[in-house]
Each structure stands twice: as structure tokens, then as C-alpha cells.
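Quick look at model09.pdb (PDB, C-alpha atoms):
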ATOM      1  CA  LEU A  35       3.884 -53.286  25.297  1.00  0.00           C
ATOM      2  CA  VAL A  36       2.267 -51.123  22.613  1.00  0.00           C
ATOM      3  CA  THR A  37       3.348 -47.513  22.245  1.00  0.00           C
ATOM      4  CA  SER A  38       2.063 -44.977  19.836  1.00  0.00           C
ATOM      5  CA  ARG A  39       4.578 -42.981  17.899  1.00  0.00           C
ATOM      6  CA  LYS A  40       4.028 -39.853  15.942  1.00  0.00           C
ATOM      7  CA  PRO A  41       5.576 -39.956  12.526  1.00  0.00           C
ATOM      8  CA  ALA A  42       8.623 -37.736  12.369  1.00  0.00           C
ATOM      9  CA  SER A  43       8.095 -34.505  10.509  1.00  0.00           C
ATOM     10  CA  SER A  44      10.340 -33.706   7.593  1.00  0.00           C
ATOM     11  CA  GLU A  45      11.689 -30.686   9.524  1.00  0.00           C
ATOM     12  CA  ALA A  46      12.633 -32.860  12.508  1.00  0.00           C
ATOM     13  CA  MET A  47      14.396 -35.272  10.185  1.00  0.00           C
ATOM     14  CA  GLY A  48      16.479 -32.436   8.757  1.00  0.00           C
ATOM     15  CA  VAL A  49      14.806 -32.389   5.371  1.00  0.00           C
ATOM     16  CA  ALA A  50      14.199 -28.914   4.026  1.00  0.00           C
ATOM     17  CA  VAL A  51      10.606 -28.134   3.284  1.00  0.00           C
ATOM     18  CA  ARG A  52      10.307 -25.930   0.217  1.00  0.00           C
ATOM     19  CA  PRO A  53       7.395 -23.548   0.008  1.00  0.00           C
ATOM     20  CA  SER A  54       4.929 -24.080  -2.788  1.00  0.00           C
ATOM     21  CA  GLN A  55       4.959 -21.823  -5.867  1.00  0.00           C
ATOM     22  CA  GLY A  56       1.967 -19.952  -4.453  1.00  0.00           C
ATOM     23  CA  GLN A  57       3.720 -19.414  -1.130  1.00  0.00           C
ATOM     24  CA  MET A  58       6.900 -18.227  -2.848  1.00  0.00           C
ATOM     25  CA  GLY A  59       4.911 -15.757  -4.922  1.00  0.00           C
ATOM     26  CA  ALA A  60       3.112 -14.503  -1.826  1.00  0.00           C
ATOM     27  CA  GLN A  61       6.421 -14.146   0.042  1.00  0.00           C
ATOM     28  CA  GLN A  62       7.912 -12.116  -2.801  1.00  0.00           C
ATOM     29  CA  ARG A  63       4.783  -9.922  -2.951  1.00  0.00           C
ATOM     30  CA  ASP A  64       4.915  -9.378   0.816  1.00  0.00           C
ATOM     31  CA  THR A  65       8.611  -8.489   0.710  1.00  0.00           C
ATOM     32  CA  ARG A  66       8.069  -6.064  -2.153  1.00  0.00           C
ATOM     33  CA  MET A  67       5.028  -4.533  -0.434  1.00  0.00           C
ATOM     34  CA  MET A  68       6.936  -4.059   2.848  1.00  0.00           C
ATOM     35  CA  PHE A  69       9.670  -2.212   0.937  1.00  0.00           C
ATOM     36  CA  VAL A  70       7.151  -0.026  -0.909  1.00  0.00           C
ATOM     37  CA  ARG A  71       5.241   0.605   2.316  1.00  0.00           C
ATOM     38  CA  LYS A  72       8.412   1.774   4.047  1.00  0.00           C
ATOM     39  CA  LYS A  73       9.575   3.924   1.124  1.00  0.00           C
ATOM     40  CA  LEU A  74       6.348   5.433  -0.248  1.00  0.00           C
ATOM     41  CA  LEU A  75       3.563   5.352   2.331  1.00  0.00           C
ATOM     42  CA  PRO A  76       5.064   8.151   4.477  1.00  0.00           C
ATOM     43  CA  ILE A  77       5.180  10.386   1.371  1.00  0.00           C
ATOM     44  CA  VAL A  78       1.550   9.555   0.481  1.00  0.00           C
ATOM     45  CA  ILE A  79       0.315  10.257   4.017  1.00  0.00           C
ATOM     46  CA  LYS A  80       2.335  13.464   4.319  1.00  0.00           C
ATOM     47  CA  GLY A  81       0.713  14.845   1.153  1.00  0.00           C
ATOM     48  CA  TYR A  82      -2.743  13.880   2.393  1.00  0.00           C
ATOM     49  CA  LYS A  83      -2.140  15.578   5.728  1.00  0.00           C
ATOM     50  CA  THR A  84      -0.871  18.702   3.987  1.00  0.00           C
ATOM     51  CA  LEU A  85      -4.089  18.872   1.985  1.00  0.00           C
ATOM     52  CA  LYS A  86      -6.232  18.210   5.040  1.00  0.00           C
ATOM     53  CA  THR A  87      -4.426  20.873   7.101  1.00  0.00           C
ATOM     54  CA  GLU A  88      -4.727  23.488   4.343  1.00  0.00           C
ATOM     55  CA  GLY A  89      -8.360  22.651   3.690  1.00  0.00           C
ATOM     56  CA  LYS A  90      -7.846  23.418   0.005  1.00  0.00           C
ATOM     57  CA  ILE A  91      -5.485  22.717  -2.862  1.00  0.00           C
ATOM     58  CA  THR A  92      -2.872  25.441  -2.994  1.00  0.00           C
ATOM     59  CA  GLN A  93      -0.460  26.483  -5.726  1.00  0.00           C
ATOM     60  CA  GLU A  94       2.369  25.501  -3.359  1.00  0.00           C
ATOM     61  CA  PHE A  95       0.975  21.951  -3.229  1.00  0.00           C
ATOM     62  CA  LEU A  96       0.745  21.839  -7.038  1.00  0.00           C
ATOM     63  CA  ASP A  97       4.319  23.095  -7.417  1.00  0.00           C
ATOM     64  CA  PRO A  98       6.085  20.409  -9.507  1.00  0.00           C
ATOM     65  CA  ALA A  99       8.822  20.009  -6.873  1.00  0.00           C
ATOM     66  CA  THR A 100       6.144  18.949  -4.358  1.00  0.00           C
ATOM     67  CA  PHE A 101       3.290  17.549  -6.400  1.00  0.00           C
ATOM     68  CA  LYS A 102       5.184  15.278  -8.822  1.00  0.00           C
ATOM     69  CA  PRO A 103       7.070  13.254  -6.162  1.00  0.00           C
ATOM     70  CA  TRP A 104       3.886  12.917  -4.100  1.00  0.00           C
ATOM     71  CA  LEU A 105       1.798  11.804  -7.079  1.00  0.00           C
ATOM     72  CA  ARG A 106       4.543   9.368  -8.149  1.00  0.00           C
ATOM     73  CA  ALA A 107       4.492   7.845  -4.640  1.00  0.00           C
ATOM     74  CA  VAL A 108       0.679   7.571  -4.744  1.00  0.00           C
ATOM     75  CA  CYS A 109       0.795   5.839  -8.147  1.00  0.00           C
ATOM     76  CA  GLU A 110       3.683   3.485  -7.325  1.00  0.00           C
ATOM     77  CA  TYR A 111       2.100   2.473  -4.005  1.00  0.00           C
ATOM     78  CA  GLY A 112      -1.151   1.723  -5.824  1.00  0.00           C
ATOM     79  CA  ASP A 113       0.637  -0.212  -8.555  1.00  0.00           C
ATOM     80  CA  GLU A 114       2.368  -2.503  -6.048  1.00  0.00           C
ATOM     81  CA  ASN A 115      -0.796  -3.108  -4.028  1.00  0.00           C
ATOM     82  CA  ARG A 116      -2.017  -6.406  -5.455  1.00  0.00           C
ATOM     83  CA  CYS A 117      -4.449  -9.134  -4.535  1.00  0.00           C
ATOM     84  CA  GLY A 118      -2.530 -11.709  -6.559  1.00  0.00           C
ATOM     85  CA  GLY A 119       0.452 -11.923  -8.874  1.00  0.00           C
ATOM     86  CA  ASP A 120       0.834  -9.456 -11.715  1.00  0.00           C
ATOM     87  CA  ARG A 121      -1.261  -6.343 -12.081  1.00  0.00           C
ATOM     88  CA  ASP A 122      -4.794  -7.249 -11.084  1.00  0.00           C
ATOM     89  CA  ARG A 123      -8.095  -5.579 -10.289  1.00  0.00           C
ATOM     90  CA  CYS A 124      -6.770  -4.256  -6.947  1.00  0.00           C
ATOM     91  CA  SER A 125      -3.782  -2.452  -8.409  1.00  0.00           C
ATOM     92  CA  GLU A 126      -5.757  -1.359 -11.480  1.00  0.00           C
ATOM     93  CA  GLN A 127      -8.380   0.187  -9.215  1.00  0.00           C
ATOM     94  CA  MET A 128      -5.734   2.100  -7.279  1.00  0.00           C
ATOM     95  CA  ILE A 129      -4.027   3.239 -10.487  1.00  0.00           C
ATOM     96  CA  GLN A 130      -7.370   4.594 -11.717  1.00  0.00           C
ATOM     97  CA  ASP A 131      -7.785   6.303  -8.328  1.00  0.00           C
ATOM     98  CA  CYS A 132      -4.351   7.870  -8.850  1.00  0.00           C
ATOM     99  CA  ARG A 133      -5.375   9.235 -12.253  1.00  0.00           C
ATOM    100  CA  ASN A 134      -8.537  10.704 -10.746  1.00  0.00           C
ATOM    101  CA  ILE A 135      -6.590  12.216  -7.832  1.00  0.00           C
ATOM    102  CA  LYS A 136      -4.273  13.931 -10.312  1.00  0.00           C
ATOM    103  CA  ASP A 137      -7.143  15.250 -12.435  1.00  0.00           C
ATOM    104  CA  TYR A 138      -9.090  16.562  -9.435  1.00  0.00           C
ATOM    105  CA  ALA A 139      -6.018  18.117  -7.823  1.00  0.00           C
ATOM    106  CA  VAL A 140      -4.928  19.867 -11.016  1.00  0.00           C
ATOM    107  CA  ALA A 141      -8.497  21.188 -11.373  1.00  0.00           C
ATOM    108  CA  MET A 142      -8.098  22.365  -7.740  1.00  0.00           C
ATOM    109  CA  ASP A 143     -11.254  20.473  -6.688  1.00  0.00           C
ATOM    110  CA  TYR A 144     -10.450  19.824  -3.031  1.00  0.00           C
ATOM    111  CA  GLN A 145     -13.625  17.864  -2.163  1.00  0.00           C
ATOM    112  CA  LYS A 146     -13.293  15.404  -5.048  1.00  0.00           C
ATOM    113  CA  THR A 147      -9.556  14.998  -4.421  1.00  0.00           C
ATOM    114  CA  MET A 148     -10.108  14.138  -0.753  1.00  0.00           C
ATOM    115  CA  ARG A 149     -13.002  11.802  -1.575  1.00  0.00           C
ATOM    116  CA  GLN A 150     -10.826  10.062  -4.192  1.00  0.00           C
ATOM    117  CA  LEU A 151      -7.943   9.758  -1.719  1.00  0.00           C
ATOM    118  CA  GLU A 152     -10.309   8.024   0.712  1.00  0.00           C
ATOM    119  CA  ASP A 153     -11.446   5.639  -2.052  1.00  0.00           C
ATOM    120  CA  TYR A 154      -7.762   5.008  -2.805  1.00  0.00           C
ATOM    121  CA  ARG A 155      -7.146   4.087   0.854  1.00  0.00           C
ATOM    122  CA  LEU A 156     -10.198   1.795   0.904  1.00  0.00           C
ATOM    123  CA  HIS A 157      -9.012  -0.028  -2.243  1.00  0.00           C
ATOM    124  CA  ALA A 158      -5.735  -1.043  -0.560  1.00  0.00           C
ATOM    125  CA  VAL A 159      -5.435  -4.741   0.313  1.00  0.00           C
ATOM    126  CA  GLY A 160      -3.216  -6.967   2.465  1.00  0.00           C
ATOM    127  CA  LEU A 161      -0.011  -5.284   3.561  1.00  0.00           C
ATOM    128  CA  GLY A 162      -1.111  -2.205   1.665  1.00  0.00           C
ATOM    129  CA  LEU A 163      -3.879  -1.472   4.174  1.00  0.00           C
ATOM    130  CA  PHE A 164      -3.379   1.759   6.079  1.00  0.00           C
ATOM    131  CA  ASP A 165      -5.170   4.531   7.913  1.00  0.00           C
ATOM    132  CA  TRP A 166      -4.381   8.201   7.419  1.00  0.00           C
ATOM    133  CA  ASP A 167      -3.924   8.753  11.167  1.00  0.00           C
ATOM    134  CA  ASP A 168      -1.892   5.610  11.943  1.00  0.00           C
ATOM    135  CA  PRO A 169       1.588   6.614  13.173  1.00  0.00           C
ATOM    136  CA  ASP A 170       3.023   3.239  12.086  1.00  0.00           C
ATOM    137  CA  ALA A 171       1.762   3.769   8.541  1.00  0.00           C
ATOM    138  CA  ALA A 172       3.071   7.349   8.523  1.00  0.00           C
ATOM    139  CA  ALA A 173       6.494   5.981   9.492  1.00  0.00           C
ATOM    140  CA  GLY A 174       6.285   3.156   6.918  1.00  0.00           C
ATOM    141  CA  ARG A 175       6.447   0.429   9.583  1.00  0.00           C
ATOM    142  CA  THR A 176       5.008  -3.044   9.061  1.00  0.00           C
ATOM    143  CA  PRO A 177       1.603  -3.345  10.750  1.00  0.00           C
ATOM    144  CA  ASP A 178       1.409  -5.242  14.052  1.00  0.00           C
ATOM    145  CA  TRP A 179      -1.147  -7.651  12.610  1.00  0.00           C
ATOM    146  CA  TYR A 180       1.159  -8.808   9.788  1.00  0.00           C
ATOM    147  CA  MET A 181       1.997 -12.520   9.758  1.00  0.00           C
ATOM    148  CA  PRO A 182       4.529 -13.678   7.148  1.00  0.00           C
ATOM    149  CA  THR A 183       2.950 -15.891   4.507  1.00  0.00           C
ATOM    150  CA  ASN A 184       5.306 -18.822   5.067  1.00  0.00           C
ATOM    151  CA  ARG A 185       4.048 -19.535   8.585  1.00  0.00           C
TER     152      ARG A 185
END
Full structure transcribed into C-alpha cells:
Amino acid sequence: LVTSRKPASSEAMGVAVRPSQGQMGAQQRDTRMMFVRKKLLPIVIKGYKTLKTEGKITQEFLDPATFKPWLRAVCEYGDENRCGGDRDRCSEQMIQDCRNIKDYAVAMDYQKTMRQLEDYRLHAVGLGLFDWDDPDAAAGRTPDWYMPTNR
């Protein structure tokens, strides 16, 4: 009698399977991005919606108590949004967007600020992706489509 047997997987045999260096790096990036998304994305979206509702850049928006925390959130979110490991072209692009947003806002150029904010959104990658009108993004929740890297 000949039977075919599947080789036992290392998990079934009780042997721990360690993720590769690339997977560990991706897991750490994902974890960090989920934290930043939860902490900063609601602040970023709230500022955008304030601008959109007003239809112009107001002195109240540029008040340091409002503007500085919002701009810091925009810059930090962009800095953490990476394609790979350390700072890369994705995060550098978003950091440059942040600088432009600041310059346009301080100059009170509403059209350029809004256009730059849209470019900023389009430069986001991976877990950093968001839409201005997405209630999950506004609440800082992990997107439904997210699949952890280690699966």
C-alpha cells in the first residue's frame, strides 16, 4: 500500500518560523505608521477641512496656537510615510510638500495651498494612503484593506 504524505511544516512541528529581516523591517514600519496614522492623520484632515470650509486662509488659521500643531502633524505624517526603510523618496517628497504648504499658507495663497495639500495626499504610500473625506482616516483608524506584512 502506497500513501502520499505531505511533509510536515515547521509550524506544525512546533518550530518557530522567524520573519526575514525585510519582513521585520516592514512590520516595524507598519506598526509605526499605524501609530502615526492614529495620532496625526485626524489633525491633518481637520486642518484641511477647516481650510476647505472657510474657502480662504484666515488669520485665525495662521494663529500659532492652531497653525503650528497642524503643520507639525502634516510634516511628521509625511516624514513617517516611507516606501522603504529610512527616509526615502516618498517621505522626502512629502516633506517638500510640507515646506510648500507652509510657504503658501503663510503667503495666504489659498489655491496653491489646497493644490499642494492634494499633491501631499497623492504622494502618500502604503498605510499612509488616505482620502480627505474618509471617516476612518479622519478618526485615525487602520484602513479595511490593510493586511499585516507577516501574513
Discussion item. Calculated over only C-alpha atoms, which of the candidates A:Tyr111, A:Asp143, A:Gln127, A:Arg155 has the smallest distance to A:Lys73?
Written reply: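 Answer, going by the shortest atom-to-atom distance: A:Tyr111.
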Practice prompt. Fewer than 2 positions away in the same chain doesn't count, so skip those; otherwise give me all residues within 10 Å of A:Ala139, counting all atoms listed in the file, as a PyMOL selection string.
Written response: chain A and resi 90-92+95-96+101+133-137+141-148
Practice prompt. Excluding stretch 78-83 of chain A and any residue of its chain fewer than 5 positions from it, enumerate the residues within 7 Å of it, using only C-alpha atoms, and give them as a PyMOL selection string.
Written response: chain A and resi 104+107-108+166+172
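Among the candidates A:Val140, A:Gly112, A:Ala158, A:Ser125, the residue lying nearest to A:Pro98 is A:Val140 (atoms considered: all atoms listed in the file).
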Discussion item. Please list, as a list in words, the residues that have an atom at most 8 Å away from (7.8, 0.2, 6.9) in the coordinates of this file, counting all atoms listed in the file.
Written reply: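 Those residues lying close to the given coordinates are Met68, Phe69, Val70, Arg71, Lys72, Lys73, Asp170, Ala171, Ala173, Gly174, Arg175 and Thr176 of chain A.
As for atom CA of A:Leu74 and atom CA of A:Glu110, they are spaced 7.8 Å apart.
Here atom CA of A:Leu163 is placed at a distance of 14.3 Å from atom CA of A:Arg66.
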Practice prompt. Tell me, in Å to one decimal, how far atom CA of A:Asp167 is from atom CA of A:Ile77.
Written response: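 Answer for the atom CA of A:Asp167 to atom CA of A:Ile77 separation: 13.5 Å.
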Using all atoms of stretch 161-169 of chain A that appear in the file, construct an axis-aligned enclosing box with 8 Å of padding on every side and provide its centre coordinates and edge lengths in Å, rounded to one decimal, as AutoDock Vina command-line options.
--center_x -1.8 --center_y 1.7 --center_z 7.4 --size_x 22.8 --size_y 30.0 --size_z 27.5
Discussion item. Restricting the calculation to all atoms listed in the file: of A:Leu151, A:Leu161, A:Met67, A:Cys124, which residue gets closest to A:Leu105?
Written reply: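 Smallest separation from A:Leu105 among the options: A:Leu151.
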Missing atoms in stretch 85-101 of chain A: can you complete it with N, CA, C and O atoms, as a PDB file, in the coordinates of the input?
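File written: out_19.pdb
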ATOM      1  N   LEU A  85      -2.812  18.458   2.563  1.00  0.00           N
ATOM      2  CA  LEU A  85      -4.089  18.872   1.985  1.00  0.00           C
ATOM      3  C   LEU A  85      -5.150  19.072   3.062  1.00  0.00           C
ATOM      4  O   LEU A  85      -5.879  20.066   3.063  1.00  0.00           O
ATOM      5  N   LYS A  86      -5.214  18.136   3.985  1.00  0.00           N
ATOM      6  CA  LYS A  86      -6.232  18.210   5.040  1.00  0.00           C
ATOM      7  C   LYS A  86      -6.010  19.429   5.934  1.00  0.00           C
ATOM      8  O   LYS A  86      -6.957  20.112   6.303  1.00  0.00           O
ATOM      9  N   THR A  87      -4.749  19.721   6.260  1.00  0.00           N
ATOM     10  CA  THR A  87      -4.426  20.873   7.101  1.00  0.00           C
ATOM     11  C   THR A  87      -4.784  22.180   6.391  1.00  0.00           C
ATOM     12  O   THR A  87      -5.351  23.084   7.006  1.00  0.00           O
ATOM     13  N   GLU A  88      -4.437  22.269   5.112  1.00  0.00           N
ATOM     14  CA  GLU A  88      -4.727  23.488   4.343  1.00  0.00           C
ATOM     15  C   GLU A  88      -6.224  23.675   4.113  1.00  0.00           C
ATOM     16  O   GLU A  88      -6.694  24.801   4.025  1.00  0.00           O
ATOM     17  N   GLY A  89      -6.932  22.569   3.951  1.00  0.00           N
ATOM     18  CA  GLY A  89      -8.360  22.651   3.690  1.00  0.00           C
ATOM     19  C   GLY A  89      -8.683  23.033   2.254  1.00  0.00           C
ATOM     20  O   GLY A  89      -9.841  23.273   1.909  1.00  0.00           O
ATOM     21  N   LYS A  90      -7.670  23.101   1.424  1.00  0.00           N
ATOM     22  CA  LYS A  90      -7.846  23.418   0.005  1.00  0.00           C
ATOM     23  C   LYS A  90      -6.575  23.009  -0.736  1.00  0.00           C
ATOM     24  O   LYS A  90      -5.550  22.716  -0.126  1.00  0.00           O
ATOM     25  N   ILE A  91      -6.659  23.006  -2.045  1.00  0.00           N
ATOM     26  CA  ILE A  91      -5.485  22.717  -2.862  1.00  0.00           C
ATOM     27  C   ILE A  91      -4.828  24.051  -3.198  1.00  0.00           C
ATOM     28  O   ILE A  91      -5.456  24.926  -3.780  1.00  0.00           O
ATOM     29  N   THR A  92      -3.585  24.177  -2.789  1.00  0.00           N
ATOM     30  CA  THR A  92      -2.872  25.441  -2.994  1.00  0.00           C
ATOM     31  C   THR A  92      -1.903  25.327  -4.165  1.00  0.00           C
ATOM     32  O   THR A  92      -1.545  24.223  -4.586  1.00  0.00           O
ATOM     33  N   GLN A  93      -1.465  26.464  -4.659  1.00  0.00           N
ATOM     34  CA  GLN A  93      -0.460  26.483  -5.726  1.00  0.00           C
ATOM     35  C   GLN A  93       0.856  25.883  -5.210  1.00  0.00           C
ATOM     36  O   GLN A  93       1.569  25.237  -5.973  1.00  0.00           O
ATOM     37  N   GLU A  94       1.145  26.083  -3.933  1.00  0.00           N
ATOM     38  CA  GLU A  94       2.369  25.501  -3.359  1.00  0.00           C
ATOM     39  C   GLU A  94       2.316  23.971  -3.431  1.00  0.00           C
ATOM     40  O   GLU A  94       3.323  23.319  -3.697  1.00  0.00           O
ATOM     41  N   PHE A  95       1.122  23.402  -3.170  1.00  0.00           N
ATOM     42  CA  PHE A  95       0.975  21.951  -3.229  1.00  0.00           C
ATOM     43  C   PHE A  95       1.157  21.464  -4.669  1.00  0.00           C
ATOM     44  O   PHE A  95       1.736  20.403  -4.903  1.00  0.00           O
ATOM     45  N   LEU A  96       0.650  22.231  -5.627  1.00  0.00           N
ATOM     46  CA  LEU A  96       0.745  21.839  -7.038  1.00  0.00           C
ATOM     47  C   LEU A  96       2.091  22.162  -7.668  1.00  0.00           C
ATOM     48  O   LEU A  96       2.330  21.798  -8.828  1.00  0.00           O
ATOM     49  N   ASP A  97       2.977  22.811  -6.910  1.00  0.00           N
ATOM     50  CA  ASP A  97       4.319  23.095  -7.417  1.00  0.00           C
ATOM     51  C   ASP A  97       4.967  21.764  -7.823  1.00  0.00           C
ATOM     52  O   ASP A  97       4.945  20.798  -7.048  1.00  0.00           O
ATOM     53  N   PRO A  98       5.520  21.679  -9.033  1.00  0.00           N
ATOM     54  CA  PRO A  98       6.085  20.409  -9.507  1.00  0.00           C
ATOM     55  C   PRO A  98       7.099  19.768  -8.551  1.00  0.00           C
ATOM     56  O   PRO A  98       7.186  18.543  -8.475  1.00  0.00           O
ATOM     57  N   ALA A  99       7.841  20.567  -7.815  1.00  0.00           N
ATOM     58  CA  ALA A  99       8.822  20.009  -6.873  1.00  0.00           C
ATOM     59  C   ALA A  99       8.142  19.260  -5.727  1.00  0.00           C
ATOM     60  O   ALA A  99       8.740  18.372  -5.114  1.00  0.00           O
ATOM     61  N   THR A 100       6.894  19.594  -5.431  1.00  0.00           N
ATOM     62  CA  THR A 100       6.144  18.949  -4.358  1.00  0.00           C
ATOM     63  C   THR A 100       5.164  17.921  -4.920  1.00  0.00           C
ATOM     64  O   THR A 100       5.111  16.784  -4.454  1.00  0.00           O
ATOM     65  N   PHE A 101       4.392  18.359  -5.890  1.00  0.00           N
ATOM     66  CA  PHE A 101       3.290  17.549  -6.400  1.00  0.00           C
ATOM     67  C   PHE A 101       3.753  16.299  -7.144  1.00  0.00           C
ATOM     68  O   PHE A 101       3.218  15.208  -6.921  1.00  0.00           O
TER      69      PHE A 101
END
